[in-house]
Structures are given as structure tokens and as C-alpha cells.
>>> print(open('work_18.txt').read())   # compact mmCIF, C-alpha atoms
# COMPACT_ATOMS: atom_id res chain seq x y z
CA MET S 1240 19.08 -24.09 2.45
CA ASN S 1241 16.77 -21.44 3.89
CA VAL S 1242 18.67 -20.58 7.08
CA PRO S 1243 15.85 -18.65 8.91
CA VAL S 1244 13.39 -21.50 8.31
CA PHE S 1245 15.96 -24.12 9.38
CA LEU S 1246 16.67 -22.27 12.63
CA ALA S 1247 12.95 -21.64 13.21
CA ARG S 1248 12.35 -25.38 13.00
CA LYS S 1249 14.89 -25.90 15.78
CA VAL S 1250 13.27 -23.24 17.95
CA ARG S 1251 9.77 -24.67 17.47
CA HIS S 1252 10.66 -28.13 18.68
CA ALA S 1253 10.83 -27.23 22.35
CA PRO S 1254 10.92 -30.09 24.90
CA GLU S 1255 7.51 -31.29 26.11
CA GLY S 1256 6.53 -29.69 29.39
CA SER S 1257 8.85 -26.73 28.90
CA PHE S 1258 7.63 -23.19 29.42
CA SER S 1259 8.10 -22.28 25.75
CA ALA S 1260 6.04 -25.31 24.65
CA THR S 1261 3.20 -24.23 26.93
CA VAL S 1262 3.36 -20.64 25.69
CA THR S 1263 3.33 -21.85 22.08
CA ARG S 1264 0.14 -23.84 22.72
CA ILE S 1265 -1.46 -20.77 24.27
CA GLY S 1266 -0.59 -18.71 21.19
CA ILE S 1267 -2.01 -21.33 18.83
CA GLY S 1268 -5.13 -21.67 21.00
CA SER S 1269 -5.78 -17.92 21.08
CA ILE S 1270 -5.64 -17.68 17.28
CA ALA S 1271 -7.82 -20.77 16.85
CA LEU S 1272 -10.38 -19.48 19.34
CA GLY S 1273 -10.51 -16.02 17.76
CA LEU S 1274 -10.86 -17.32 14.20
CA SER S 1275 -13.52 -19.89 15.10
CA ILE S 1276 -15.55 -17.21 16.88
CA LEU S 1277 -15.31 -14.94 13.85
CA ILE S 1278 -16.36 -17.70 11.44
CA VAL S 1279 -19.41 -18.55 13.56
CA ALA S 1280 -20.24 -14.88 14.19
CA PHE S 1281 -20.20 -13.95 10.49
CA ALA S 1282 -22.22 -17.04 9.54
CA VAL S 1283 -24.86 -16.15 12.15
CA LEU S 1284 -24.84 -12.45 11.19
CA TYR S 1285 -25.36 -13.21 7.51
CA GLY S 1286 -27.96 -15.80 8.48
CA PHE S 1287 -29.93 -13.26 10.49
CA LYS S 1288 -29.75 -10.65 7.75
CA ASN S 1289 -30.63 -13.06 4.95
CA THR S 1290 -33.55 -14.63 6.85
CA ILE S 1291 -35.04 -11.29 7.85
CA GLN S 1292 -34.61 -9.86 4.35
CA GLN S 1293 -36.31 -12.87 2.78
CA LYS S 1294 -39.24 -12.51 5.19
CA ILE S 1295 -39.52 -8.80 4.37
CA PHE S 1296 -39.45 -9.53 0.64
CA LEU S 1297 -42.46 -11.84 1.00
CA PHE S 1298 -44.73 -8.81 1.30
CA GLY S 1299 -42.42 -5.91 0.53
CA ALA S 1300 -40.77 -6.33 -2.85
CA HIS S 1301 -37.44 -4.66 -3.48
CA LEU S 1302 -39.23 -1.86 -5.33
CA GLN S 1303 -42.92 -0.93 -5.42
CA VAL S 1304 -44.49 1.27 -8.09
CA SER S 1305 -47.93 2.77 -7.46
CA LYS S 1306 -50.03 5.59 -8.82
CA PHE S 1307 -49.11 8.98 -7.42
CA THR S 1308 -51.92 10.12 -5.10
CA ASN S 1309 -52.47 11.89 -1.79
CA ASN S 1310 -54.56 8.97 -0.55
CA ASN S 1311 -52.96 7.38 2.56
CA SER S 1312 -55.52 4.60 3.04
CA TYR S 1313 -55.34 1.01 1.80
CA GLU S 1314 -57.79 1.87 -0.98
CA GLU S 1315 -55.50 2.12 -4.01
CA SER S 1316 -55.91 4.08 -7.19
CA PRO S 1317 -55.98 1.84 -10.28
CA LEU S 1318 -52.74 1.43 -12.19
CA PRO S 1319 -52.98 0.14 -15.79
CA LEU S 1320 -51.03 -2.87 -16.97
CA ASN S 1321 -50.62 -1.34 -20.40
CA THR S 1322 -47.45 0.55 -19.49
CA VAL S 1323 -43.89 0.47 -20.78
CA LEU S 1324 -42.57 -0.54 -17.35
CA TYR S 1325 -44.82 -3.58 -16.94
CA LYS S 1326 -44.50 -4.82 -20.53
CA GLU S 1327 -40.77 -4.27 -20.88
CA ALA S 1328 -39.51 -4.73 -17.31
CA ASN S 1329 -37.09 -7.43 -18.44
CA LYS S 1330 -35.29 -4.79 -20.52
CA VAL S 1331 -34.66 -2.51 -17.53
CA PRO S 1332 -31.10 -3.08 -16.24
CA GLY S 1333 -31.07 -4.81 -12.86
CA VAL S 1334 -34.72 -5.95 -12.83
CA ARG S 1335 -35.29 -9.69 -12.29
CA HIS S 1336 -39.08 -9.94 -12.01
CA ILE S 1337 -42.19 -7.77 -11.96
CA GLN S 1338 -45.64 -8.73 -10.66
CA ALA S 1339 -48.95 -6.92 -10.26
CA VAL S 1340 -50.87 -6.92 -6.94
CA ALA S 1341 -53.74 -5.06 -5.29
CA LEU S 1342 -54.77 -4.41 -1.67
CA LYS S 1343 -58.23 -4.30 -0.10
CA ALA S 1344 -59.08 -3.71 3.58
CA GLY S 1345 -61.64 -5.92 5.29
CA ILE S 1346 -62.72 -7.78 8.41
CA LEU S 1347 -62.60 -11.53 8.92
CA LYS S 1348 -65.42 -12.63 11.24
CA THR S 1349 -66.49 -15.88 12.83
CA ASP S 1350 -69.34 -16.48 15.26
CA THR S 1351 -67.22 -15.42 18.23
CA GLU S 1352 -64.15 -13.57 16.90
CA LEU S 1353 -63.16 -10.98 14.32
CA THR S 1354 -59.95 -9.38 13.10
CA GLY S 1355 -58.99 -6.69 10.65
CA VAL S 1356 -57.13 -7.81 7.55
CA ILE S 1357 -55.56 -6.46 4.38
CA LEU S 1358 -56.29 -8.82 1.51
CA LYS S 1359 -53.39 -8.80 -0.93
CA GLY S 1360 -54.65 -9.89 -4.34
CA VAL S 1361 -52.12 -11.62 -6.58
CA GLY S 1362 -52.30 -13.04 -10.09
CA LYS S 1363 -50.59 -15.53 -12.37
CA ASP S 1364 -47.40 -13.47 -12.46
CA TYR S 1365 -46.90 -13.75 -8.67
CA ASP S 1366 -43.65 -15.49 -7.64
CA TRP S 1367 -44.47 -17.99 -4.87
CA ASN S 1368 -40.91 -19.35 -4.53
CA LEU S 1369 -39.97 -17.08 -1.62
CA PHE S 1370 -43.28 -17.70 0.10
CA ARG S 1371 -43.21 -21.48 0.23
CA SER S 1372 -40.58 -21.52 3.00
CA SER S 1373 -43.06 -19.69 5.29
CA LEU S 1374 -46.01 -21.97 4.44
CA ILE S 1375 -46.71 -24.19 7.46
CA ALA S 1376 -50.04 -25.80 6.46
CA GLY S 1377 -52.08 -26.35 3.31
CA THR S 1378 -51.13 -24.80 -0.02
CA VAL S 1379 -51.11 -21.48 -1.81
CA PRO S 1380 -54.41 -20.25 -3.27
CA SER S 1381 -55.33 -20.81 -6.89
CA VAL S 1382 -55.35 -17.36 -8.48
CA GLY S 1383 -55.58 -15.68 -11.84
CA ALA S 1384 -58.15 -18.02 -13.42
CA ASP S 1385 -60.34 -16.26 -15.94
CA THR S 1386 -63.56 -16.87 -14.01
CA GLY S 1387 -64.75 -13.26 -13.95
CA THR S 1388 -65.56 -13.20 -10.23
CA GLY S 1389 -62.17 -14.35 -8.93
CA SER S 1390 -61.28 -17.19 -6.61
CA THR S 1391 -62.43 -17.06 -2.96
CA GLN S 1392 -59.48 -19.10 -1.72
CA VAL S 1393 -57.41 -17.31 0.90
CA LEU S 1394 -54.09 -17.80 2.67
CA LEU S 1395 -54.09 -16.67 6.32
CA SER S 1396 -51.30 -16.23 8.85
CA GLN S 1397 -50.95 -18.49 11.86
CA PHE S 1398 -51.75 -15.49 14.07
CA MET S 1399 -55.09 -14.93 12.28
CA ALA S 1400 -55.91 -18.62 12.28
CA ASN S 1401 -55.34 -18.85 16.03
CA GLN S 1402 -57.33 -15.69 16.72
CA LEU S 1403 -60.30 -16.85 14.63
CA ALA S 1404 -59.94 -20.53 15.60
CA VAL S 1405 -59.97 -21.68 11.98
CA LYS S 1406 -57.89 -24.25 10.11
CA VAL S 1407 -57.21 -25.32 6.56
CA GLY S 1408 -60.46 -26.25 4.84
CA ASP S 1409 -62.69 -23.95 6.92
CA ASN S 1410 -64.80 -21.16 5.47
CA VAL S 1411 -64.76 -17.70 7.02
CA PRO S 1412 -66.72 -14.57 5.95
CA LEU S 1413 -64.64 -11.58 4.83
CA TYR S 1414 -66.42 -8.21 5.00
CA PHE S 1415 -64.96 -5.53 2.74
CA LEU S 1416 -65.20 -1.94 3.94
CA GLY S 1417 -66.84 0.82 1.93
CA ASN S 1418 -69.99 2.87 1.60
CA THR S 1419 -71.85 -0.41 1.19
CA PRO S 1420 -70.08 -3.24 3.07
CA ARG S 1421 -69.87 -6.42 1.01
CA ALA S 1422 -69.11 -9.94 2.23
CA ARG S 1423 -67.49 -12.95 0.62
CA LYS S 1424 -67.22 -16.45 2.05
CA MET S 1425 -63.51 -17.23 1.86
CA ASN S 1426 -62.11 -20.76 1.90
CA VAL S 1427 -58.90 -21.12 3.94
CA VAL S 1428 -56.52 -23.22 1.79
CA GLY S 1429 -53.25 -22.48 3.59
CA ILE S 1430 -51.58 -20.98 6.65
CA TYR S 1431 -48.25 -19.14 6.73
CA GLU S 1432 -46.00 -17.69 9.43
CA THR S 1433 -43.19 -15.16 8.92
CA GLY S 1434 -42.51 -14.11 12.52
CA LEU S 1435 -42.83 -10.45 11.48
CA GLU S 1436 -45.63 -9.22 13.73
CA GLU S 1437 -46.78 -6.34 11.55
CA VAL S 1438 -47.16 -8.73 8.61
CA ASP S 1439 -48.72 -11.72 10.38
CA LYS S 1440 -51.33 -9.53 12.05
CA THR S 1441 -52.58 -7.86 8.87
CA ILE S 1442 -51.83 -9.58 5.54
CA ALA S 1443 -53.85 -12.34 3.90
CA LEU S 1444 -53.37 -13.45 0.28
CA GLY S 1445 -56.07 -14.08 -2.29
CA ASP S 1446 -57.01 -13.64 -5.94
CA ILE S 1447 -56.47 -10.24 -7.54
CA ARG S 1448 -59.52 -10.82 -9.74
CA LEU S 1449 -61.72 -10.68 -6.62
CA ILE S 1450 -60.35 -7.25 -5.69
CA GLN S 1451 -60.69 -6.02 -9.28
CA ARG S 1452 -64.36 -7.00 -9.26
CA LEU S 1453 -65.00 -5.42 -5.83
CA ASN S 1454 -63.31 -2.17 -6.96
CA ARG S 1455 -65.10 -2.27 -10.33
CA TRP S 1456 -61.78 -2.35 -12.13
CA GLY S 1457 -61.09 -4.03 -15.41
CA ALA S 1458 -58.75 -6.99 -15.76
CA ASP S 1459 -56.02 -4.57 -16.93
CA SER S 1460 -56.06 -2.49 -13.71
CA VAL S 1461 -54.03 -3.27 -10.57
CA GLY S 1462 -52.96 -1.46 -7.42
CA THR S 1463 -49.17 -1.81 -7.41
CA TYR S 1464 -46.25 -3.20 -9.39
CA GLU S 1465 -43.83 -5.21 -7.27
CA ILE S 1466 -40.32 -5.36 -8.69
CA PHE S 1467 -37.48 -7.67 -7.65
CA VAL S 1468 -33.88 -6.83 -8.55
CA ASN S 1469 -31.03 -9.12 -9.56
CA ASP S 1470 -28.58 -7.72 -6.99
CA PHE S 1471 -29.96 -6.21 -3.79
CA THR S 1472 -26.67 -4.39 -3.15
CA LYS S 1473 -27.41 -2.38 -6.33
CA LEU S 1474 -30.95 -1.48 -5.26
CA ASN S 1475 -30.50 2.28 -5.64
CA ALA S 1476 -28.97 1.97 -9.11
CA THR S 1477 -31.81 -0.29 -10.27
CA ALA S 1478 -34.36 2.10 -8.72
CA ASP S 1479 -32.87 4.90 -10.83
CA ASN S 1480 -33.20 2.74 -13.95
CA VAL S 1481 -36.85 2.01 -13.14
CA PHE S 1482 -37.50 5.69 -12.42
CA ASP S 1483 -36.32 6.57 -15.94
CA VAL S 1484 -39.22 4.59 -17.50
CA LEU S 1485 -41.95 5.64 -15.04
CA ALA S 1486 -44.96 7.56 -16.24
CA PRO S 1487 -45.40 11.05 -14.72
CA ASN S 1488 -48.27 9.86 -12.50
CA MET S 1489 -46.30 7.01 -10.92
CA ARG S 1490 -44.10 6.90 -7.85
CA ILE S 1491 -41.50 4.38 -6.68
CA THR S 1492 -40.86 3.16 -3.11
CA ARG S 1493 -37.78 1.24 -1.96
CA VAL S 1494 -38.19 -1.58 0.55
CA THR S 1495 -35.41 0.00 2.62
CA ASP S 1496 -37.64 3.04 3.11
CA GLN S 1497 -40.81 1.03 3.70
CA TYR S 1498 -39.20 -1.10 6.44
CA ARG S 1499 -36.56 1.38 7.60
CA PRO S 1500 -36.47 0.27 11.29
CA LEU S 1501 -35.57 -3.30 10.35
CA PHE S 1502 -32.88 -2.24 7.89
CA ASP S 1503 -31.47 0.25 10.41
CA TRP S 1504 -31.29 -2.61 12.88
CA MET S 1505 -29.32 -4.71 10.36
CA ILE S 1506 -26.91 -1.80 9.79
CA LEU S 1507 -26.40 -1.70 13.55
CA LEU S 1508 -25.54 -5.41 13.46
CA ASP S 1509 -22.85 -4.67 10.87
CA ARG S 1510 -21.34 -1.99 13.09
CA ASN S 1511 -21.32 -4.31 16.08
CA MET S 1512 -19.57 -6.94 13.97
CA VAL S 1513 -16.83 -4.45 13.02
CA ILE S 1514 -16.27 -3.73 16.72
CA LEU S 1515 -16.18 -7.46 17.51
CA LEU S 1516 -13.72 -8.10 14.68
CA SER S 1517 -11.44 -5.30 15.89
CA LEU S 1518 -11.44 -6.56 19.48
CA ILE S 1519 -10.69 -10.15 18.52
CA ALA S 1520 -7.92 -9.04 16.13
CA PHE S 1521 -6.40 -6.90 18.89
CA VAL S 1522 -6.50 -9.69 21.48
CA ALA S 1523 -5.10 -12.31 19.09
CA SER S 1524 -2.30 -9.97 17.96
CA PHE S 1525 -1.45 -9.00 21.55
CA ASN S 1526 -1.27 -12.67 22.55
CA MET S 1527 0.97 -13.51 19.62
CA VAL S 1528 3.34 -10.62 20.38
CA SER S 1529 3.48 -11.74 24.02
CA VAL S 1530 4.24 -15.32 23.00
CA LEU S 1531 6.95 -14.24 20.58
CA LEU S 1532 8.60 -11.96 23.16
CA VAL S 1533 8.65 -14.79 25.67
CA LEU S 1534 10.26 -17.09 23.09
CA MET S 1535 12.88 -14.46 22.25
CA MET S 1536 13.72 -13.92 25.91
CA GLU S 1537 14.09 -17.65 26.45
CA ARG S 1538 16.33 -17.87 23.39
CA THR S 1539 18.44 -14.82 24.30
CA PRO S 1540 21.68 -16.87 24.55
CA MET S 1541 20.97 -18.35 21.12
CA ILE S 1542 20.44 -14.87 19.68
CA GLY S 1543 23.72 -13.72 21.20
CA LEU S 1544 25.57 -16.74 19.77
CA LEU S 1545 24.15 -16.16 16.28
CA LYS S 1546 25.16 -12.51 16.42
CA ALA S 1547 28.66 -13.43 17.65
CA LEU S 1548 29.02 -15.84 14.72
CA GLY S 1549 28.12 -13.03 12.30
CA GLY S 1550 24.40 -13.58 11.96
CA PRO S 1551 22.78 -10.32 10.82
CA ASN S 1552 19.71 -8.93 12.60
CA PRO S 1553 17.38 -9.43 9.58
CA LEU S 1554 18.20 -13.16 9.51
CA ILE S 1555 17.39 -13.58 13.21
CA ARG S 1556 14.19 -11.52 12.86
CA LYS S 1557 13.07 -13.72 9.94
CA MET S 1558 13.76 -16.78 12.07
CA PHE S 1559 11.39 -15.65 14.85
CA LEU S 1560 8.87 -14.38 12.30
CA ALA S 1561 8.82 -17.89 10.82
CA VAL S 1562 8.23 -19.29 14.31
CA GLY S 1563 5.27 -16.93 14.81
CA LEU S 1564 3.77 -17.67 11.38
CA ASN S 1565 4.02 -21.39 12.06
CA MET S 1566 1.89 -20.89 15.17
CA VAL S 1567 -0.52 -18.78 13.11
CA GLY S 1568 -0.78 -21.60 10.56
CA TRP S 1569 -1.67 -24.20 13.19
CA GLY S 1570 -4.13 -21.76 14.76
CA LEU S 1571 -5.84 -21.25 11.39
CA VAL S 1572 -6.14 -25.00 10.79
CA ILE S 1573 -7.70 -25.63 14.20
CA GLY S 1574 -9.85 -22.46 14.12
CA ASN S 1575 -11.28 -23.25 10.68
CA GLY S 1576 -12.02 -26.82 11.70
CA VAL S 1577 -13.82 -25.83 14.91
CA GLY S 1578 -15.72 -22.91 13.36
CA ILE S 1579 -16.90 -24.85 10.31
CA LEU S 1580 -17.90 -27.83 12.49
CA ILE S 1581 -20.03 -25.63 14.76
CA ASN S 1582 -21.70 -24.02 11.73
CA PHE S 1583 -22.38 -27.44 10.19
CA LEU S 1584 -23.95 -28.82 13.35
CA GLN S 1585 -26.21 -25.76 13.78
CA ASP S 1586 -27.15 -25.68 10.09
CA ARG S 1587 -27.96 -29.39 10.00
CA PHE S 1588 -29.54 -30.07 13.40
CA LYS S 1589 -30.82 -26.59 14.50
CA LEU S 1590 -29.31 -27.08 17.98
CA ILE S 1591 -29.81 -23.50 19.22
CA PRO S 1592 -33.50 -22.40 19.20
CA LEU S 1593 -34.80 -18.83 19.30
CA ASP S 1594 -38.00 -17.16 20.40
CA PRO S 1595 -39.69 -16.07 17.13
CA LYS S 1596 -41.51 -13.26 18.96
CA ASN S 1597 -38.19 -11.53 19.59
CA TYR S 1598 -35.98 -12.74 16.73
CA PHE S 1599 -38.51 -13.35 13.89
CA MET S 1600 -37.21 -16.95 13.47
CA ASN S 1601 -37.29 -20.26 15.32
CA TYR S 1602 -33.57 -21.08 15.39
CA VAL S 1603 -30.16 -19.49 14.83
CA PRO S 1604 -29.69 -19.38 11.04
CA ILE S 1605 -26.40 -20.13 9.30
CA VAL S 1606 -25.23 -18.83 5.91
CA TRP S 1607 -22.18 -20.38 4.26
CA ASP S 1608 -20.14 -17.52 2.84
CA TRP S 1609 -16.82 -19.01 1.75
CA PRO S 1610 -15.34 -15.72 0.44
CA THR S 1611 -15.80 -14.25 3.94
CA ILE S 1612 -14.10 -17.26 5.54
CA LEU S 1613 -11.21 -16.88 3.09
CA PHE S 1614 -11.02 -13.15 3.86
CA LEU S 1615 -10.88 -13.85 7.61
CA ASN S 1616 -7.99 -16.26 7.13
CA VAL S 1617 -6.02 -13.90 4.89
CA ALA S 1618 -6.70 -10.91 7.16
CA THR S 1619 -5.58 -12.88 10.22
CA ILE S 1620 -2.31 -13.83 8.56
CA LEU S 1621 -1.56 -10.32 7.30
CA ILE S 1622 -2.44 -8.46 10.51
CA ILE S 1623 -0.54 -10.80 12.81
CA ALA S 1624 2.43 -11.02 10.41
CA VAL S 1625 2.81 -7.23 10.32
CA ILE S 1626 2.58 -6.93 14.11
CA LEU S 1627 5.04 -9.80 14.63
CA TRP S 1628 7.50 -8.23 12.21
CA PHE S 1629 7.57 -5.01 14.21
CA ALA S 1630 7.89 -7.02 17.45
CA THR S 1631 11.04 -8.72 16.17
CA PHE S 1632 12.88 -5.39 15.98
CA ILE S 1633 13.62 -5.81 19.68
CA ILE S 1634 16.33 -8.23 18.52
CA ASN S 1635 18.32 -5.26 17.20
CA ARG S 1636 18.78 -4.06 20.79
CA ILE S 1637 20.20 -7.34 22.09
CA GLN S 1638 24.00 -7.16 22.54
CA PRO S 1639 25.95 -10.41 21.99
CA VAL S 1640 28.16 -10.00 25.11
CA LYS S 1641 25.20 -9.56 27.46
CA ALA S 1642 23.13 -12.20 25.67
CA LEU S 1643 25.82 -14.87 26.03
CA ALA S 1644 26.04 -14.12 29.75
CA PHE S 1645 22.25 -14.41 30.09
CA LYS S 1646 21.25 -17.23 32.41
CA LYS S 1647 18.23 -19.36 31.65
>>> encode(input="work_18.txt", output="C-alpha cells")
Amino acid sequence: MNVPVFLARKVRHAPEGSFSATVTRIGIGSIALGLSILIVAFAVLYGFKNTIQQKIFLFGAHLQVSKFTNNNSYEESPLPLNTVLYKEANKVPGVRHIQAVALKAGILKTDTELTGVILKGVGKDYDWNLFRSSLIAGTVPSVGADTGTGSTQVLLSQFMANQLAVKVGDNVPLYFLGNTPRARKMNVVGIYETGLEEVDKTIALGDIRLIQRLNRWGADSVGTYEIFVNDFTKLNATADNVFDVLAPNMRITRVTDQYRPLFDWMILLDRNMVILLSLIAFVASFNMVSVLLVLMMERTPMIGLLKALGGPNPLIRKMFLAVGLNMVGWGLVIGNGVGILINFLQDRFKLIPLDPKNYFMNYVPIVWDWPTILFLNVATILIIAVILWFATFIINRIQPVKALAFKK
């Protein structure tokens, strides 16, 4: 028979309505509340980071390779497709996908309104999977057909569509800037919305063949290579691998440098989460120590009796440690249930809305990260167990004679 566990079972079963029973419920409740808050907080944090990153990656690939030039305008220098990097990108460690794009500045104009725009030309190799989640009307443009002139289908943002008062199916003239301005009648086939103001105000998507013709480029010339990596946490390592196969006249740009303010903001979120985790761990541990001390004081006569009968201090400490860990176990069960239920309800029914102008999304996002939930449970057990173990050393100072004379 495990004596500490047997005695702990006797201590736990306090009479209903007693002070120790109330204190035990408070201890269990504090752990459950702290764990459920952490589970929800991490799910929301990862949801924010993942949603914002996916929106950034719509127009800012993980890595961008362009021709090295001192030109700071949107007029790009042509980059050939006949390069080792483009042809053998799948052989570069860490690279998942490469696509060729080109940019061209212009002005969209209706009878009463106009707005500046950067037309991003894409081809057959463009990955639309990320983009479809931001498509709110219509479809993506048909691009890459070998027509010579390029498709005039265009995908506009909701901001542009509202400003120009156009909808899917309308035609709108697009004037391209240059020494001799040229116009093309573009057919709006779709409307997207990312919530990122600097993107929605400027970027429209169309056929890269149209930009190649306007720039008098051949079909083998593009403006930029966009590269997506297998593991974003290894972005720098993959960037180094890509750099090793670059031609001397090429340069590489990381998305973390291109959108530094947003990534700095996400780093700040991580720091705030560390502070939150530390505070909740401190409060939960303090509550558990308080609960255990109260239980030990109430059981002082029992401690004195066990010592008088020859019970060693380690045995009595293990008994109260088992009592504390039992409360931790019930707290984990309740905390996991509440936290996971809240996450499920928000993920399924989108109960908490957000203002997309301030948060770049319409509702609080949830990401299910089970390793993090497991880590929170294990960390809670270990931290509280260590603190409780040190708290039980107060038993060593209890003298049997005084403890037996202790009045309840």
C-alpha cells in the first residue's frame, strides 16, 4: 500500500461545507481559470499571427528575387527565366515553390473617379491557393494563355471597387504611365479583400503577358521571382541556400524586411504572451501554496499524531504533495474542457467580431495547436509541483507536542 497516497485520500475527503472543502474548490478553480485563459490566449495569438502572415504572403512571398538596380520606382528591370534558380528551384533545400511576376504602375479611371494602382502580372506558375480565401466576389483572372497580347481580365480589391463604383463584370480603363501613356480596357472578373490597407489600396492582379507586351519584353522576361519556403521558421537558412545560386546581378529580399513593422508587431505579441504566461503561473502557484498551507494548518493535529507514531517528515510531505497534485489534476481537467470549448465555439460560430480596419480581419481567429496545449498542461504540473514541494518543508518545523495540543 502506498501510505502517502492513502493518507492523502483521507485528507481530500473533507466534509461538505467545511473550510478546507471551500479552500480546495478555490485552488481547483484558480488552476482551471488560469489554464483555460492560457489555452484561449495562445489559440488567439497563433490565430492572429497565422492570419496576418497568410495575408502578407498573398502579395509578399517569403523571398523575392529581382535584378540588382538603383531604380526605386515600380518600373522593373527585366529578369530572364533562363536561370539556374528558376529552372532548378525544386533542388534548392527549403524551397517549396517559385513563381514569376511583374509590376506595372497605372491609373484606373471611370467617368467620375480615378485611383492609382500597381498591376501585378502573374502567369501559369502562380499559386492561387492562398489567395482564394480573400476572394469575396467573382473569380481569379485567366492568365498565361499564349495569346500574344495577354488577357485584359483584372482582379481588384474591395477598396478600389468601392472607390470606382464598379462590380464584377464591369469594364474600366487602365492607363499605364510612361513617356507615352497607353490605355487598356480591363474587365473586372473578381474582387478581393485582405484588410491590409497598403495592399488593398494599391494592388490589382492581371496577366503577366500584358505587362511583358507593354514593356516590350519577351515571353522569357519577368520582373521578380517569388519564392515560398517549406518551413517559415527556417526562412534565413533557406534564403542563404537561394543566395548561393543567385547570379551576380540578382538580389534577394526577405518578407520580414519588406513588411518589418507588421513582423515587429507580431514579435511584440510574443513578448506580451510571455509576460501573461508568467503572471498567470505566478498567481496560480501562489494560490496553490496558500491552499496547501491552509490545509496543513487545519491538519496540524494529524501531522503531530503521525510524527508521534514515527511517521518521517518525507512521508508527511509526500502526503500533502499528493493532495496538491490531486487538486492540480482536477484543475487541468476543468481548465482544458473550458478552454477547448471556448475555442471550438469561436472557431465554429465566429462569436467575437473585429473591426478589419484595426485588426486586418473580421473576427477573432483560432488556431488549434495541440503541442502547445500539451506543453501548457505539462508546464503547469511541473511548476506547481516544484513550488508545492518546497512549501511542504514547513512540516519539518512542526513539533509533535505542540501539534497535538493545537486546537481546531
>>> closest_residue(input="work_18.txt", among="S:Asp1608, S:Glu1465, S:Asp1439, S:Asp1479", to="Gly1355 in chain S", atoms="all atoms listed in the file")
S:Asp1439
>>> atom_distance(input="work_18.txt", atom1="CA of Arg1371 in chain S", atom2="CA of Ile1442 in chain S")
15.6 Å
>>> closest_residue(input="work_18.txt", among="S:Leu1277, S:Ala1547, S:Ala1520, S:Leu1554", to="Leu1621 in chain S", atoms="all atoms listed in the file")
S:Ala1520
>>> residues_around(input="work_18.txt", residues="Ile1278 in chain S", least_positions_apart="5", cutoff="9 Å", atoms="all atoms listed in the file", output="MDAnalysis selection string")
chainID S and resid 1273 1283 1574:1575 1578:1579 1582 1611:1612 1615
>>> closest_residue(input="work_18.txt", among="S:Ala1486, S:Val1411, S:Ile1265, S:Val1427", to="Tyr1325 in chain S", atoms="all atoms listed in the file")
S:Ala1486
>>> atom_distance(input="work_18.txt", atom1="CA of Arg1455 in chain S", atom2="CA of Leu1358 in chain S")
16.1 Å
>>> closest_residue(input="work_18.txt", among="S:Asn1241, S:Asn1601, S:Ser1517, S:Ser1275", to="Leu1571 in chain S", atoms="all atoms listed in the file")
S:Ser1275
>>> residues_around(input="work_18.txt", residues="Leu1534 in chain S", least_positions_apart="6", cutoff="9 Å", atoms="only C-alpha atoms", output="ChimeraX atom specification")
/S:1250,1259,1262-1263,1559
>>> write_last_selection(input="work_18.txt", atoms="C-alpha atoms", output="mmCIF file, in the frame of the given file")
data_model
loop_
_atom_site.group_PDB
_atom_site.id
_atom_site.type_symbol
_atom_site.label_atom_id
_atom_site.label_comp_id
_atom_site.auth_asym_id
_atom_site.auth_seq_id
_atom_site.Cartn_x
_atom_site.Cartn_y
_atom_site.Cartn_z
ATOM 1 C CA VAL S 1250 13.270 -23.240 17.950
ATOM 2 C CA SER S 1259 8.100 -22.280 25.750
ATOM 3 C CA VAL S 1262 3.360 -20.640 25.690
ATOM 4 C CA THR S 1263 3.330 -21.850 22.080
ATOM 5 C CA PHE S 1559 11.390 -15.650 14.850
#
>>> atom_distance(input="work_18.txt", atom1="CA of Met1505 in chain S", atom2="CA of Gln1292 in chain S")
9.5 Å
>>> closest_residue(input="work_18.txt", among="S:Thr1433, S:Gln1392, S:Asn1329, S:Asn1454", to="Thr1419 in chain S", atoms="all atoms listed in the file")
S:Asn1454
>>> closest_residue(input="work_18.txt", among="S:Gly1445, S:Arg1510, S:Leu1580, S:Phe1245", to="Val1562 in chain S", atoms="only C-alpha atoms")
S:Phe1245
>>> residues_around(input="work_18.txt", residues="Val1522 in chain S", least_positions_apart="4", cutoff="10 Å", atoms="only C-alpha atoms", output="ChimeraX atom specification")
/S:1269-1270,1273,1517-1518,1526-1528
>>> build_atoms(input="work_18.txt", residues="range 1474-1487 of chain S", atoms="N, CA and C atoms", output="compact mmCIF listing (two decimals), keeping the file's coordinate frame")
# COMPACT_ATOMS: atom_id res chain seq x y z
N LEU S 1474 -29.54 -1.89 -5.29
CA LEU S 1474 -30.95 -1.48 -5.26
C LEU S 1474 -31.14 -0.05 -5.76
N ASN S 1475 -30.33 0.87 -5.27
CA ASN S 1475 -30.50 2.28 -5.64
C ASN S 1475 -30.26 2.50 -7.13
N ALA S 1476 -29.25 1.82 -7.68
CA ALA S 1476 -28.97 1.97 -9.11
C ALA S 1476 -30.12 1.42 -9.95
N THR S 1477 -30.67 0.28 -9.54
CA THR S 1477 -31.81 -0.29 -10.27
C THR S 1477 -33.04 0.60 -10.12
N ALA S 1478 -33.23 1.18 -8.94
CA ALA S 1478 -34.36 2.10 -8.72
C ALA S 1478 -34.26 3.30 -9.67
N ASP S 1479 -33.06 3.78 -9.89
CA ASP S 1479 -32.87 4.90 -10.83
C ASP S 1479 -33.22 4.48 -12.26
N ASN S 1480 -32.86 3.24 -12.61
CA ASN S 1480 -33.20 2.74 -13.95
C ASN S 1480 -34.70 2.61 -14.13
N VAL S 1481 -35.38 2.12 -13.09
CA VAL S 1481 -36.85 2.01 -13.14
C VAL S 1481 -37.48 3.39 -13.21
N PHE S 1482 -36.95 4.33 -12.44
CA PHE S 1482 -37.50 5.69 -12.42
C PHE S 1482 -37.46 6.32 -13.82
N ASP S 1483 -36.46 5.98 -14.60
CA ASP S 1483 -36.32 6.57 -15.94
C ASP S 1483 -37.45 6.17 -16.88
N VAL S 1484 -38.13 5.04 -16.61
CA VAL S 1484 -39.22 4.59 -17.50
C VAL S 1484 -40.59 4.76 -16.87
N LEU S 1485 -40.66 5.41 -15.69
CA LEU S 1485 -41.95 5.64 -15.04
C LEU S 1485 -42.75 6.71 -15.78
N ALA S 1486 -44.07 6.52 -15.74
CA ALA S 1486 -44.96 7.56 -16.24
C ALA S 1486 -45.01 8.70 -15.23
N PRO S 1487 -45.39 9.90 -15.64
CA PRO S 1487 -45.40 11.05 -14.72
C PRO S 1487 -46.29 10.87 -13.50
